[in-house]
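Novice: First the structure, then my questions, so here it is.
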Amino acid sequence: MRRSLITVALLASTCLTPAPARAAVVLGFVQGAVASVAGSALLGGTLATAGFGAGLAAGAIATTAFGGLLGRVLLSVGLSALASSLTPKPSIPSPGDQMQNWAQPLSYMRTIYGRTRTGGPLGFWERTDWEDTTVGNSARKRWYTPILCAHEIEGIVEHYLDEDRVTLDANGLVSSGDKADHYRIMPFLGAPGQAANADFVAAFTPDVDASFDFAHLAGAHIWLARPADADYQAVIPTGRFAAWSPVIDGHNGIYDPRTGTRGFTRNAALILAHWITDHLGQQVDWDRLAVEADICDEPVPLKGGGTQPRWQMGGVLDWGQDYETQRAQMAAACDAFIFQRPGGEMDFFVGRYMEPTVTLTDDDFITLEVSTGSEPTAPTGVAVTYVEPAEGWREVSGGAYMVDDTNPPRIDRPALYFVQSENQAARLAKRLARVKRPPSVIRATILIIGKELRCQRFVRIRHEGAGIDAVYEIGELHRNDDGATFDLSAVEVKAEDFDFDPDTEQVDRPLTETMATSSAVPAVTGLAGTPDSASQITWTWDAPTDTSLAQVIRLRQSGASAWSETTVPTGQYSHIQSGLTASTTYEAQIVNQAPGGQRSDWAPATPVTATTTA
């Protein structure tokens with residue numbers, strides 16, 4: 001990794017000189033130590049424009065992506081070496097923890113990849129009902145500006161205020177639920193030439209002007225109109241303005257070498273390549289990575305039928321995270337093996353088995369240590385913690401893949417917050433479980449043949465003295481100071497470790513216990529599903545006579561055994577199911593739930609179905 005900078009940029013000139021409190025811009029950004037010189041130009045250049053010309057405070061920190069470590073140079077790293085960074089859970093906020101709008105003087109810059117749900121720090125907050133007797137009650141509003149990230153995004157898929165999914169009218173006014181007519185959301189996506197919001201400027205003139213354009217930032221200006229006393233509890237149940245945590249399609253500047261264009265994607269290889277080039281400032285071979293992108297798009301079967309792309313990812317990178325944490329989260333999400341080519345370019349293979357082309361024999365080793373059998377503390381199974389769109393885009397635990405029937409079981413639960421599919425989590429659980437309990441592990445120092453392993457994920461070892469003839473997956477390959485010897489760690493693997501039959505190997509994730517039903521609560525009627533696109537279905541139903549009843553809808557892909565339940569806010573009689581697979585059928589049932597927790601029977605008895613478009 002190239003030389004890096006810690007850079008601080010305050011968001012507006014009002015931070016540097018005295019200004020009325022009503023125009024308080026409250027947030028600055030810190031670019032973390034993992035950001036490259038190229039990345040720091042974002043702060044020194046684009047943010048240092050009108051309204052953001054704040055001066056810089058910098059301190060240099062030298063780090064490397066593949067650099068010196070105790071006299072050795074790291075040339076490649078695989079899943080067995082990354083696994084230790086995933087358990088216990090990494091020291092980063094969980095997706096659920098990030099669905100808030102927090103206020104603090106400085107926040108680390110954030111990058112959002114793929115589709116995900118998140119909140120963000122506040123870039124501004126103030127009221128329009130300060131000591132000004134000319135302001136009428138209708139103008140008494142609380143304004144706040146959550147910032148999602150420091151780059152342009154593709155768009156906003158769904159709006160959430162606290163845990164209520166809300167719909168907006170053409171002017172951004174909330175038109176559904178208890179918060180209707182009290183909140184207005186005016187997003188900005190960070191597009192080039194982004195202008196200041198006219199209503200935002202008008203509300204705080206003369207202290208806010210056209211220079212407050214929040215250039216190259218994505219977020220929203222939101223106001224909350226003061227509710228009548230009788231409506232206060234319904235509109236502001238937490239006692240403070242609602243946290244905005246939308247579902248968004250993130251970075252739309254990701255390069256695809258297959259088309260020669262930049263845009264939005266969920267393809268894991270393209271996202272990982274963007275992180276390497278645009279954030280780490282490293283070079284890649286785009287023709288080579290086009291192969292990996294095609295592999296990520298290959299369809300894999302789902303349990304019960306249907307398919308999905310092999311490797312996708314999405315999530316939030318906080319630039320306060322160190323390089324190792326970011327690398328582990330992104331690489332492990334697609335089972336990537338990262339290595340450095342002899343010319344200095346970074347490269348990777350996404351998860352799959354590849355027949356080894358290099359064989360090591362007795363004469364290639366200086367030292368060889370072989371461990372067979374599992375460590376006494378090795379887990380007997382792995383259940384990946386991932387992000388489930390059907391559970392409000394929060395983290396859940398997938399089903400456990402077991403490799404040993406020892407009782408009591410020891411389940412490892414690595415946190416992979418860039419994984420957003422139960423199927424993908426299950427495939428990774430199998431890989432991690434077998435990596436943690438392999439038939440054998442080797443640690444060795446080898447001769448100059450190590451140069452031939454620089455771009456290899458797998459190697460065959462035939463060592464008569466040690467009685468080995470097997471295929472190994474490289475965990476780490478280091479070049480030593482002498483330039484002629486290499487340190488190697490690797491785990492024994494088989495081709496079947498990379499195969500996956502969801503119908504026989506995928507264990508359904510645990511669901512929360514279903515509450516007892518009560519015949520005293522009437523059943524829901526009129527449930528129907530309308531496909532909106534290849535990835536989205538809108539489910540609607542009849543409003544109950546008793547408006548105190550909330551609805552709980554449960555959804556699954558047709559043929560699957562497990563349901564995912566979602567509680568719909570009271571008074572909202574529709575639910576959007578997104579992140580789906582094209583030309584795939586989904587099932588739904590729904591219950592009424594009383595304030596005391598009693599439920600009706602699931603209705604209808606035969607689930608309603610809807611099929612996404614091609």
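Here's how to read the names in the structure tokens: chain A, B, ... by the order shown, residue numbers from 1 in each chain, ligand numbers from 1 in the order shown.
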Which residues of stretch 565-610 of chain A come within 12 Å of stretch 217-236 of chain A, and for each one, what is the closest pair of atoms and their distance in Å to one decimal, counting only C-alpha atoms, sorted by chain and residue number, as CSV?
Specialist:
```
residue,atom,partner,partner_atom,distance
A:Pro569,CA,A:Ala234,CA,11.6
A:Thr570,CA,A:Ala234,CA,10.6
A:Gly571,CA,A:Ala234,CA,11.5
```
Novice: What residues in stretch 367-572 of chain A get the DSSP label strand (DSSP E or B)? Please answer as an MDAnalysis selection string.
Specialist: chainID A and resid 367:372 381:382 385:388 394:397 401:402 411:412 415 440:446 458:463 468:480 486:492 517 528:531 537:540 550:557 564:568
Novice: So which one's closest to A:Arg352, A:Ala390, A:Trp102, A:Val316, A:Arg431? Using only C-alpha atoms, please.
Specialist: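 When distances to A:Arg352 are compared using only C-alpha atoms, the smallest one comes from A:Arg431.
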Novice: Rank A:Gln100, A:Thr265, A:Asn171, A:Asn197 by their smallest atom-to-atom distance to A:Leu122, using only C-alpha atoms, and report the top residue only.
Specialist: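 That would be A:Gln100, the residue with the smallest distance to A:Leu122.
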Novice: Taking a cut-off of 8 Å and counting only C-alpha atoms, can you build a table that, for each residue of stretch 480-546 of chain A near stretch 392-401 of chain A, reports the nearest atom pair and how far apart they are in Å (one decimal), sorted by chain then residue number, as a Markdown table?
Specialist:
```
| residue | atom | partner | partner_atom | distance |
| --- | --- | --- | --- | --- |
| A:Glu505 | CA | A:Tyr401 | CA | 7.7 |
| A:Gln506 | CA | A:Gly399 | CA | 7.3 |
| A:Val507 | CA | A:Gly399 | CA | 4.7 |
| A:Asp508 | CA | A:Gly399 | CA | 5.1 |
| A:Arg509 | CA | A:Gly399 | CA | 4.0 |
| A:Pro510 | CA | A:Gly399 | CA | 6.5 |
```
Novice: Given only C-alpha atoms as the basis, pick out the residue of A:Gly373, A:Gly114, A:Pro502, A:Pro237 nearest to A:Asp164.
Specialist: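 Selected residue with least distance to A:Asp164: A:Pro237.
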Novice: Would you list the contacts of A:Gly579 as a ChimeraX atom specification, taking every protein, DNA or RNA residue within 12 Å and counting only C-alpha atoms, but skipping same-chain residues closer than 4 positions in sequence?
Specialist: /A:114-117,157-158,247-249,266,308-309,312-314,387-393,420-421,532-537,584,612
Novice: Run DSSP on the backbone and grab whatever in stretch 204-416 of chain A lands in helix (DSSP H, G or I); send it over as a ChimeraX atom specification.
Specialist: /A:204,229-235,268-279,286-297,323-333,362-364,389-391
Novice: What does the file look like for those residues with C-alpha atoms, as a CSV table (one decimal), in the first residue's frame?
Specialist:
```csv
chain,number,residue,atom,x,y,z
A,204,PHE,CA,-31.4,29.7,7.3
A,229,ASP,CA,-49.5,17.9,21.6
A,230,ALA,CA,-52.0,15.1,20.9
A,231,ASP,CA,-49.8,13.7,18.1
A,232,TYR,CA,-46.5,14.1,19.8
A,233,GLN,CA,-46.1,10.5,21.0
A,234,ALA,CA,-47.1,9.0,17.7
A,235,VAL,CA,-44.8,11.3,15.6
A,268,ALA,CA,-17.9,-8.8,-5.7
A,269,ALA,CA,-14.9,-8.9,-8.0
A,270,LEU,CA,-15.6,-5.4,-9.4
A,271,ILE,CA,-16.1,-4.0,-5.9
A,272,LEU,CA,-12.9,-5.5,-4.6
A,273,ALA,CA,-11.0,-4.2,-7.6
A,274,HIS,CA,-12.4,-0.7,-7.0
A,275,TRP,CA,-11.2,-0.9,-3.4
A,276,ILE,CA,-7.7,-1.9,-4.5
A,277,THR,CA,-7.4,0.7,-7.2
A,278,ASP,CA,-9.3,3.8,-6.0
A,279,HIS,CA,-8.6,3.5,-2.3
A,286,TRP,CA,-8.1,-5.4,-15.8
A,287,ASP,CA,-8.2,-8.1,-18.4
A,288,ARG,CA,-7.4,-10.7,-15.7
A,289,LEU,CA,-10.0,-9.3,-13.4
A,290,ALA,CA,-12.7,-9.4,-16.1
A,291,VAL,CA,-12.4,-13.2,-15.7
A,292,GLU,CA,-13.1,-12.9,-12.0
A,293,ALA,CA,-16.1,-10.7,-12.6
A,294,ASP,CA,-17.6,-13.2,-15.0
A,295,ILE,CA,-17.2,-15.9,-12.4
A,296,CYS,CA,-19.0,-13.8,-9.8
A,297,ASP,CA,-21.9,-13.4,-12.2
A,323,TYR,CA,-6.3,-2.1,6.3
A,324,GLU,CA,-6.4,-5.7,7.7
A,325,THR,CA,-10.0,-5.3,8.8
A,326,GLN,CA,-11.2,-4.0,5.5
A,327,ARG,CA,-9.3,-6.7,3.6
A,328,ALA,CA,-10.7,-9.5,5.7
A,329,GLN,CA,-14.3,-8.3,5.4
A,330,MET,CA,-14.2,-7.9,1.6
A,331,ALA,CA,-12.0,-10.8,0.7
A,332,ALA,CA,-13.8,-13.3,2.9
A,333,ALA,CA,-17.2,-12.2,1.6
A,362,ASP,CA,11.4,-33.1,-0.9
A,363,ASP,CA,14.3,-31.1,-2.5
A,364,ASP,CA,12.3,-27.9,-2.5
A,389,PRO,CA,-32.4,-8.0,3.7
A,390,ALA,CA,-35.6,-9.7,4.9
A,391,GLU,CA,-34.8,-8.8,8.5
```
Novice: Using atom CA of A:Leu173 and atom CA of A:Gly190 as the two end points, give the distance in Å to one decimal.
Specialist: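 Atom-to-atom, atom CA of A:Leu173 to atom CA of A:Gly190, that is 21.0 Å.
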Novice: Please compute the atom CA of A:Gln104-atom CA of A:Leu317 distance, one decimal, in Å.
Specialist: 18.3 Å
